[in-house]
Each structure stands twice: as C-alpha cells, then as structure tokens.
$ cat final.cif   # mmCIF, C-alpha atoms
data_my_file
loop_
_atom_site.label_atom_id
_atom_site.label_comp_id
_atom_site.auth_asym_id
_atom_site.auth_seq_id
_atom_site.Cartn_x
_atom_site.Cartn_y
_atom_site.Cartn_z
CA MET X 11 38.41 10.37 -27.64
CA ASP X 12 40.49 13.41 -28.47
CA GLU X 13 44.04 14.20 -27.42
CA PHE X 14 43.04 15.93 -24.21
CA GLU X 15 40.90 12.99 -23.13
CA GLN X 16 43.74 10.57 -23.85
CA ARG X 17 46.06 12.70 -21.76
CA LEU X 18 43.48 12.87 -19.03
CA THR X 19 43.23 9.09 -18.98
CA ARG X 20 47.01 8.69 -18.83
CA LEU X 21 47.28 11.27 -16.09
CA MET X 22 44.62 9.66 -13.95
CA ARG X 23 46.12 6.20 -14.30
CA GLY X 24 49.69 7.41 -13.97
CA ALA X 25 48.90 9.11 -10.70
CA GLN X 26 48.23 5.81 -8.96
CA GLU X 27 50.56 5.12 -6.06
CA PRO X 28 51.08 1.63 -4.68
CA ALA X 29 49.29 1.47 -1.33
CA PRO X 30 49.54 -1.87 0.47
CA PHE X 31 46.72 -3.08 2.68
CA GLU X 32 48.32 -2.78 6.10
CA ALA X 33 47.44 -4.26 9.46
CA ARG X 34 46.05 -0.93 10.67
CA HIS X 35 43.66 -0.90 7.72
CA ARG X 36 42.54 -4.43 8.57
CA GLU X 37 41.97 -3.50 12.21
CA ARG X 38 40.03 -0.42 11.28
CA LEU X 39 37.91 -2.42 8.88
CA ARG X 40 37.09 -4.98 11.56
CA ALA X 41 36.25 -2.22 14.01
CA GLY X 42 33.94 -0.71 11.40
CA VAL X 43 32.22 -4.05 10.86
CA ARG X 44 31.72 -4.52 14.60
CA ALA X 45 30.35 -1.01 15.02
CA ARG X 46 27.96 -1.43 12.12
CA ARG X 47 26.83 -4.79 13.44
CA ARG X 48 26.09 -3.23 16.84
CA ALA X 49 24.25 -0.36 15.20
CA ARG X 50 22.15 -2.76 13.15
CA ALA X 51 21.32 -4.83 16.23
CA ALA X 52 20.35 -1.72 18.16
CA ARG X 53 18.22 -0.49 15.29
CA ARG X 54 16.52 -3.87 15.01
CA ALA X 55 15.83 -3.94 18.76
CA ALA X 56 14.44 -0.41 18.70
CA GLY X 57 12.25 -1.35 15.75
CA SER X 58 10.90 -4.37 17.61
CA VAL X 59 10.10 -2.30 20.69
CA LEU X 60 8.34 0.28 18.56
CA ALA X 61 6.35 -2.40 16.75
CA VAL X 62 5.24 -4.05 19.98
CA THR X 63 4.29 -0.67 21.44
CA ALA X 64 2.32 0.23 18.33
CA ILE X 65 0.45 -3.08 18.41
CA ALA X 66 -0.35 -2.68 22.11
CA VAL X 67 -1.61 0.87 21.65
CA GLY X 68 -3.64 -0.13 18.63
CA ALA X 69 -5.23 -3.04 20.47
CA PHE X 70 -6.07 -0.79 23.40
CA LEU X 71 -7.69 1.86 21.26
CA LEU X 72 -9.71 -0.43 19.01
CA PRO X 73 -13.27 -0.59 20.44
CA ASP X 74 -14.11 -3.97 18.93
CA ALA X 75 -10.97 -5.68 20.02
CA PRO X 76 -11.53 -8.96 21.92
CA PHE X 77 -9.43 -7.58 24.72
CA GLY X 78 -8.87 -4.11 25.98
CA ARG X 79 -11.03 -1.57 27.73
CA GLU X 80 -14.53 -1.98 28.98
CA PRO X 81 -17.48 -0.85 26.87
CA ALA X 82 -17.76 2.88 26.79
CA GLU X 83 -20.64 4.95 28.14
CA PRO X 84 -23.82 4.81 26.08
CA ARG X 85 -23.81 7.27 23.29
CA PRO X 86 -26.17 10.24 23.58
CA GLU X 87 -29.36 9.68 21.68
CA LEU X 88 -29.75 11.44 18.43
CA PRO X 89 -32.88 13.55 17.86
CA ALA X 90 -35.78 11.33 16.84
CA SER X 91 -37.13 13.68 14.17
CA ARG X 92 -35.28 15.64 11.61
CA PRO X 93 -35.64 19.44 11.61
CA SER X 94 -38.31 20.86 9.34
CA PRO X 95 -37.13 22.41 6.07
CA GLY X 96 -37.94 25.94 7.24
CA GLU X 97 -35.78 25.79 10.28
CA THR X 98 -32.13 26.61 10.18
CA SER X 99 -29.87 23.83 11.03
CA ALA X 100 -28.85 23.92 14.63
CA PRO X 101 -25.88 22.23 16.23
CA ALA X 102 -26.63 18.71 17.33
CA TYR X 103 -25.74 19.30 20.93
CA GLN X 104 -26.07 22.58 22.79
CA GLU X 105 -25.19 23.50 26.29
CA GLY X 106 -27.72 25.28 28.46
CA PRO X 107 -31.49 25.09 28.18
CA GLY X 108 -32.94 23.07 25.38
CA PRO X 109 -35.34 24.25 22.73
CA GLU X 110 -38.36 23.33 24.92
CA ALA X 111 -37.36 25.88 27.55
CA SER X 112 -37.07 28.81 25.20
CA ASP X 113 -40.08 28.21 22.98
CA PRO X 114 -43.49 29.13 24.35
CA PRO X 115 -45.81 26.20 24.89
CA LEU X 116 -48.18 25.55 22.07
CA SER X 117 -51.18 25.28 24.37
CA THR X 118 -50.69 28.89 25.53
CA THR X 119 -50.94 30.10 21.99
CA GLU X 120 -54.10 28.10 21.43
CA GLU X 121 -55.64 29.44 24.62
CA THR X 122 -54.81 32.99 23.66
CA THR X 123 -56.41 32.51 20.30
CA THR X 124 -59.52 31.05 21.89
CA GLU X 125 -59.81 33.93 24.35
CA GLU X 126 -59.45 36.47 21.56
CA THR X 127 -62.13 34.72 19.52
CA THR X 128 -64.50 34.67 22.50
CA SER X 129 -63.96 38.34 23.29
CA GLU X 130 -64.50 39.27 19.63
CA ARG X 131 -67.71 37.23 19.58
CA SER X 132 -69.05 38.93 22.73
CA ALA X 133 -68.14 42.36 21.36
CA THR X 134 -70.05 41.56 18.19
CA THR X 135 -73.04 40.46 20.28
CA ASP X 136 -72.90 43.67 22.36
CA ALA X 137 -72.76 45.76 19.24
CA ALA X 138 -75.74 43.96 17.78
CA ASP X 139 -77.66 44.54 20.93
CA MET Q 13 34.48 -11.05 11.12
CA GLU Q 14 34.20 -14.74 11.78
CA ARG Q 15 32.03 -16.38 9.18
CA ALA Q 16 32.19 -18.27 5.92
CA GLY Q 17 33.73 -16.23 3.14
CA ALA Q 18 35.82 -14.08 5.46
CA GLY Q 19 39.00 -15.39 3.90
CA GLU Q 20 37.79 -14.57 0.40
CA PHE Q 21 36.74 -11.14 1.56
CA ASP Q 22 40.18 -10.49 3.03
CA GLU Q 23 41.81 -11.64 -0.18
CA PHE Q 24 39.61 -9.36 -2.24
CA VAL Q 25 40.33 -6.37 -0.04
CA ALA Q 26 44.07 -7.00 -0.01
CA ALA Q 27 44.15 -7.39 -3.78
CA ARG Q 28 42.01 -4.37 -4.62
CA TRP Q 29 42.93 -1.98 -1.80
CA SER Q 30 45.39 0.05 -3.78
CA ALA Q 31 43.09 0.52 -6.78
CA LEU Q 32 40.10 1.32 -4.60
CA LEU Q 33 42.09 3.87 -2.64
CA HIS Q 34 43.23 5.56 -5.82
CA LEU Q 35 39.66 5.65 -7.12
CA ALA Q 36 38.52 7.14 -3.83
CA ARG Q 37 41.26 9.72 -3.98
CA LEU Q 38 40.16 10.83 -7.43
CA LEU Q 39 36.54 10.89 -6.30
CA THR Q 40 37.39 13.11 -3.34
CA GLY Q 41 39.56 15.49 -5.31
CA GLY Q 42 42.81 14.28 -3.76
CA ASP Q 43 41.90 14.23 -0.08
CA ARG Q 44 43.87 11.26 1.21
CA HIS Q 45 42.14 10.97 4.59
CA ARG Q 46 38.68 11.34 3.17
CA ALA Q 47 39.54 8.81 0.51
CA GLU Q 48 40.59 6.26 3.10
CA ASP Q 49 37.38 6.88 5.06
CA LEU Q 50 35.40 6.38 1.88
CA VAL Q 51 37.08 3.06 1.11
CA GLN Q 52 36.66 1.84 4.67
CA GLU Q 53 32.95 2.71 4.78
CA SER Q 54 32.35 1.08 1.43
CA LEU Q 55 34.19 -2.10 2.40
CA VAL Q 56 32.22 -2.34 5.64
CA LYS Q 57 29.03 -2.21 3.59
CA LEU Q 58 30.48 -4.80 1.23
CA TRP Q 59 31.18 -7.12 4.16
CA PHE Q 60 27.50 -7.33 5.05
CA VAL Q 61 26.44 -8.27 1.51
CA TRP Q 62 29.52 -10.32 0.70
CA PRO Q 63 27.69 -13.69 0.54
CA LYS Q 64 25.35 -12.22 -2.08
CA VAL Q 65 27.84 -10.37 -4.27
CA ALA Q 66 30.99 -12.44 -3.86
CA GLU Q 67 30.16 -14.61 -6.85
CA GLY Q 68 29.05 -11.63 -8.92
CA ALA Q 69 30.83 -8.32 -9.15
CA PRO Q 70 32.00 -7.16 -5.73
CA GLU Q 71 34.18 -4.42 -7.16
CA ALA Q 72 31.26 -2.95 -9.07
CA TYR Q 73 29.27 -2.94 -5.84
CA VAL Q 74 32.04 -1.14 -3.95
CA ARG Q 75 32.47 1.33 -6.78
CA LYS Q 76 28.78 2.17 -6.73
CA VAL Q 77 28.79 2.61 -2.96
CA MET Q 78 31.87 4.82 -3.13
CA VAL Q 79 30.53 7.01 -5.92
CA ARG Q 80 27.22 7.60 -4.19
CA ALA Q 81 28.81 8.15 -0.80
CA ALA Q 82 31.27 10.62 -2.29
CA ALA Q 83 28.46 12.58 -3.92
CA ARG Q 84 26.45 12.48 -0.70
CA SER Q 85 29.27 13.53 1.59
CA SER Q 86 30.22 16.43 -0.64
CA ARG Q 87 26.64 17.67 -0.38
CA ARG Q 88 26.46 17.16 3.36
CA ARG Q 89 29.66 18.58 4.70
CA TRP Q 90 32.09 21.31 4.04
CA TRP Q 91 35.53 19.88 3.80
CA GLY Q 92 37.54 23.06 4.13
CA GLU Q 93 37.96 23.55 0.38
CA ARG Q 94 37.96 27.07 -0.90
CA PRO Q 95 37.65 27.83 -4.59
CA THR Q 96 40.59 29.76 -5.98
CA GLU Q 97 40.99 31.72 -9.14
CA ARG Q 98 44.27 30.07 -10.03
CA LEU Q 99 45.40 26.48 -9.65
CA PRO Q 100 48.86 25.67 -8.25
CA GLU Q 101 51.81 26.46 -10.44
CA SER Q 102 52.27 24.14 -13.38
CA PRO Q 103 55.39 21.93 -13.29
CA VAL Q 104 58.62 23.22 -14.72
CA PRO Q 105 59.97 20.96 -17.51
CA GLY Q 106 62.72 18.75 -16.20
CA ASP Q 107 61.62 19.12 -12.61
CA VAL Q 108 61.99 15.87 -10.67
CA SER Q 109 58.73 16.51 -8.91
CA ALA Q 110 56.88 17.10 -12.16
CA THR Q 111 54.81 13.94 -11.81
CA VAL Q 112 53.81 14.78 -8.26
CA ALA Q 113 52.99 18.33 -9.25
CA GLU Q 114 50.88 17.17 -12.16
CA ARG Q 115 49.01 14.77 -9.95
CA THR Q 116 48.39 17.53 -7.42
CA ARG Q 117 47.18 19.78 -10.15
CA LEU Q 118 44.86 17.12 -11.53
CA GLU Q 119 43.42 16.44 -8.08
CA ALA Q 120 42.95 20.14 -7.46
CA ALA Q 121 41.13 20.48 -10.77
CA LEU Q 122 38.97 17.47 -10.00
CA GLY Q 123 38.20 18.97 -6.61
CA ARG Q 124 36.72 22.00 -8.30
CA LEU Q 125 34.15 19.96 -10.18
CA PRO Q 126 30.71 19.21 -8.78
CA ALA Q 127 30.67 15.76 -7.19
CA LYS Q 128 28.60 14.07 -9.88
CA GLN Q 129 30.63 15.52 -12.72
CA ARG Q 130 33.81 14.46 -10.95
CA ALA Q 131 32.51 10.94 -10.41
CA ALA Q 132 31.32 10.67 -13.99
CA VAL Q 133 34.68 11.80 -15.39
CA VAL Q 134 36.62 9.46 -13.10
CA LEU Q 135 34.44 6.47 -13.93
CA ARG Q 136 34.60 7.19 -17.64
CA TYR Q 137 38.30 7.96 -18.02
CA TYR Q 138 40.01 6.24 -15.10
CA GLN Q 139 37.79 3.17 -14.86
CA ASP Q 140 37.10 3.18 -18.60
CA LEU Q 141 33.46 2.32 -18.02
CA PRO Q 142 30.88 2.64 -20.80
CA GLU Q 143 28.23 5.31 -20.36
CA GLY Q 144 25.63 2.78 -19.30
CA GLN Q 145 27.71 1.60 -16.38
CA VAL Q 146 28.60 5.17 -15.42
CA ALA Q 147 24.89 5.94 -15.31
CA ALA Q 148 24.20 2.82 -13.26
CA ALA Q 149 26.89 3.73 -10.74
CA LEU Q 150 25.61 7.29 -10.46
CA GLY Q 151 21.99 6.17 -10.30
CA CYS Q 152 20.86 8.44 -13.13
CA PRO Q 153 19.74 8.09 -16.76
CA VAL Q 154 22.37 7.55 -19.45
CA GLY Q 155 21.74 10.97 -20.96
CA THR Q 156 22.37 12.64 -17.61
CA ALA Q 157 25.57 10.68 -17.11
CA ARG Q 158 26.71 11.67 -20.60
CA SER Q 159 25.99 15.29 -19.78
CA HIS Q 160 27.97 15.04 -16.52
CA VAL Q 161 30.94 13.60 -18.39
CA ALA Q 162 30.83 16.21 -21.13
CA ARG Q 163 30.56 19.13 -18.74
CA GLY Q 164 33.22 17.75 -16.44
CA VAL Q 165 35.67 17.24 -19.27
CA ALA Q 166 34.96 20.70 -20.65
CA ARG Q 167 35.68 22.21 -17.26
CA LEU Q 168 38.85 20.17 -16.83
CA ARG Q 169 39.92 21.15 -20.31
CA HIS Q 170 39.63 24.75 -19.27
CA LEU Q 171 41.35 24.27 -15.91
CA LEU Q 172 44.20 22.13 -17.21
CA SER Q 173 44.52 23.60 -20.66
CA ASP Q 174 48.06 24.77 -20.13
CA ALA Q 175 49.16 22.09 -17.72
CA VAL Q 176 48.34 18.60 -18.96
CA GLU Q 177 51.36 17.10 -20.53
CA PRO Q 178 52.13 13.43 -20.93
CA VAL Q 179 53.57 11.94 -17.77
CA GLY Q 180 56.94 10.24 -18.07
#
$ encode --input "final.cif" --output "structure tokens"
Amino acid sequence: MDEFEQRLTRLMRGAQEPAPFEARHRERLRAGVRARRRARAARRAAGSVLAVTAIAVGAFLLPDAPFGREPAEPRPELPASRPSPGETSAPAYQEGPGPEASDPPLSTTEETTTEETTSERSATTDAAD
Amino acid sequence: MERAGAGEFDEFVAARWSALLHLARLLTGGDRHRAEDLVQESLVKLWFVWPKVAEGAPEAYVRKVMVRAAARSSRRRWWGERPTERLPESPVPGDVSATVAERTRLEAALGRLPAKQRAAVVLRYYQDLPEGQVAAALGCPVGTARSHVARGVARLRHLLSDAVEPVG
C-alpha cells in the first residue's frame, strides 16, 4: 500500500460522521418491513392463482385426462394405400372434388382400346378381302 | 416486527447504523438521501433473513446487499449527476472547513467512478477487506475485483492528485 492509498484510507475513515439511529429511522424501517411483507404475500397469492389456473387449463386440454371434455370427433381416416413412387406427393387433405372425380374411369380407357382393336381388325379384314 | 429475534435485530441496527450509513454514503458518491434509502432497503432485506444470518455474519450480508443494490441502482436510474471537468476547489490550508471540503471532494471523486470500481475501492480501503471478500461482495471473480480496485485507485489518484492531504 503506497502513500496515496494510505491517505485514501485515512480520508475515507476520517470522513465518518456520527449518525445515531433515530426514532424516524426505526419507524421507516418498520414501514418498509410491513410493505415488503404485504408485497410478498400478494406475490405468493398471485403465484398460487396462476398455478391453479395453469393446472386447470392443462387438465382441460389434456385428451387423456380422467376428467375434462368429452371425446373428440373421430379423426378423418388416412388413405389406405400409399402413393405410388411415380406420383408426386399430394397434400393429405384437399378441398373440392377428390382424385376420383378428376381422373377418367379406367373402364372407359379399356373400352376405347377394345373398340380401336376391333376397328383395326375389321379394317384388316376388309383390306384382305 | 413482532417475532423472536426482533430485539437482537434492533440492537444490531442501532449499533451498526452509523457505520452502515457511512458505507452507503461512500458507495453512492456522497448522496445522503440515496445512502439512507440504500441502508433502509438493505436492512429490510436483512430482517427477512435475520433468523438465518443472525448467528453468522449479518453485517457481511448487509454489505453485500448494499454493494449490489448500489451498483444496480446506478445502472437503472439517473440521479442528476453531471460529469464536470474540474472538481470543487481544494481546501485552503488552515481553513476550518478543510475536513468538510476534503470529504466533499472525496465523495465527488468517488461519484465519478463507475459503480463497481467505486464499490471495490470502498470495500478494499474503507472496509479493509481482502480481495477475496471484495470479489464475493461484488459477485465477480477475484481477478475482476482486483482490476476494479486498481482502476478505481488509478482514477482517484488522478482526480485527487493535488488535493489529498492528511486529515487533522
């Protein structure tokens, strides 16, 4: 500790004034204790209310809770078969007409093919004749 | 305040009030009102843990609360202090108010330090605490506390270079 630090120490300690603990200090201290006690009680009460609310909300929202809401509506069925590798993935649920409405029926294609084959065969027969 | 230990608490406060107020005044850079607020707040906190710390070191607890609250409040609020280029006039030799002027000058210089440096210097030189306890009170590593002390003293050395003379 050098000379300046020793002087600093003396100056800090020498600056102390006697300050008695007066009645007004005591009263203010008691008022502070009461106010802090009230604040703590209020905070504790608010915490309890929040905890009870959180538990109630959690119990209401949990589907498997022994009490709470009624069973929900049945879930929509998932598609039975997975899409073929060549197809692009489509959203699981679409609004509007389903894929059956837009795609042509397979039987129509088969009939068309059969008609074409028959007409080709008759043309070949005519040409041979 | 009606519970076991209230009498001991009152005795402690009455015995240590003056020293705690002076510590608070140094920690706040000489603001008497803020110092009293700081002591009151710290003693209120002490009251609620009194049964736990009464047998240990209640003054160390209050000191820690005061130091941290002082650092926190100086970060949170503006207390109307404005930095100045020059400190108040240094005391004239032989002046009857030399002691008061020196104290004012010391407090003004302390008020120009950052809160943690001020607290570190006060704990080290007024309370004569070792660096480990200074660090514990500030809630920082020992090396950081040592750095706060060194920087604070260097700044005070600069601010008070031509003013610090032995009192009395």
$ resolve_selection --input "final.cif" --expression "the PyMOL selection byres ((chain X) within 6 of (chain Q))" --output "count of residues only"
8
$ closest_residue --input "final.cif" --among "Q:Val154, Q:Phe24, Q:Ala127, Q:Gly144" --to "Q:Pro70" --atoms "all atoms listed in the file"
Q:Phe24
$ atom_distance --input "final.cif" --atom1 "atom CA of Q:Asp43" --atom2 "atom CA of Q:Ala120"
9.5 Å
$ atom_distance --input "final.cif" --atom1 "atom CA of X:Leu21" --atom2 "atom CA of Q:Gly42"
13.5 Å
$ atom_distance --input "final.cif" --atom1 "atom CA of X:Arg53" --atom2 "atom CA of X:Ala66"
19.9 Å
$ resolve_selection --input "final.cif" --expression "the PyMOL selection byres ((chain Q and resi 147) around 12)" --output "mmCIF file with C-alpha atoms, keeping the file's coordinate frame"
data_model
loop_
_atom_site.group_PDB
_atom_site.id
_atom_site.type_symbol
_atom_site.label_atom_id
_atom_site.label_comp_id
_atom_site.auth_asym_id
_atom_site.auth_seq_id
_atom_site.Cartn_x
_atom_site.Cartn_y
_atom_site.Cartn_z
ATOM 1 C CA LYS Q 76 28.780 2.170 -6.730
ATOM 2 C CA VAL Q 79 30.530 7.010 -5.920
ATOM 3 C CA ARG Q 80 27.220 7.600 -4.190
ATOM 4 C CA LYS Q 128 28.600 14.070 -9.880
ATOM 5 C CA GLN Q 129 30.630 15.520 -12.720
ATOM 6 C CA ALA Q 131 32.510 10.940 -10.410
ATOM 7 C CA ALA Q 132 31.320 10.670 -13.990
ATOM 8 C CA VAL Q 133 34.680 11.800 -15.390
ATOM 9 C CA LEU Q 135 34.440 6.470 -13.930
ATOM 10 C CA ARG Q 136 34.600 7.190 -17.640
ATOM 11 C CA LEU Q 141 33.460 2.320 -18.020
ATOM 12 C CA PRO Q 142 30.880 2.640 -20.800
ATOM 13 C CA GLU Q 143 28.230 5.310 -20.360
ATOM 14 C CA GLY Q 144 25.630 2.780 -19.300
ATOM 15 C CA GLN Q 145 27.710 1.600 -16.380
ATOM 16 C CA VAL Q 146 28.600 5.170 -15.420
ATOM 17 C CA ALA Q 148 24.200 2.820 -13.260
ATOM 18 C CA ALA Q 149 26.890 3.730 -10.740
ATOM 19 C CA LEU Q 150 25.610 7.290 -10.460
ATOM 20 C CA GLY Q 151 21.990 6.170 -10.300
ATOM 21 C CA CYS Q 152 20.860 8.440 -13.130
ATOM 22 C CA PRO Q 153 19.740 8.090 -16.760
ATOM 23 C CA VAL Q 154 22.370 7.550 -19.450
ATOM 24 C CA GLY Q 155 21.740 10.970 -20.960
ATOM 25 C CA THR Q 156 22.370 12.640 -17.610
ATOM 26 C CA ALA Q 157 25.570 10.680 -17.110
ATOM 27 C CA ARG Q 158 26.710 11.670 -20.600
ATOM 28 C CA SER Q 159 25.990 15.290 -19.780
ATOM 29 C CA HIS Q 160 27.970 15.040 -16.520
ATOM 30 C CA VAL Q 161 30.940 13.600 -18.390
#
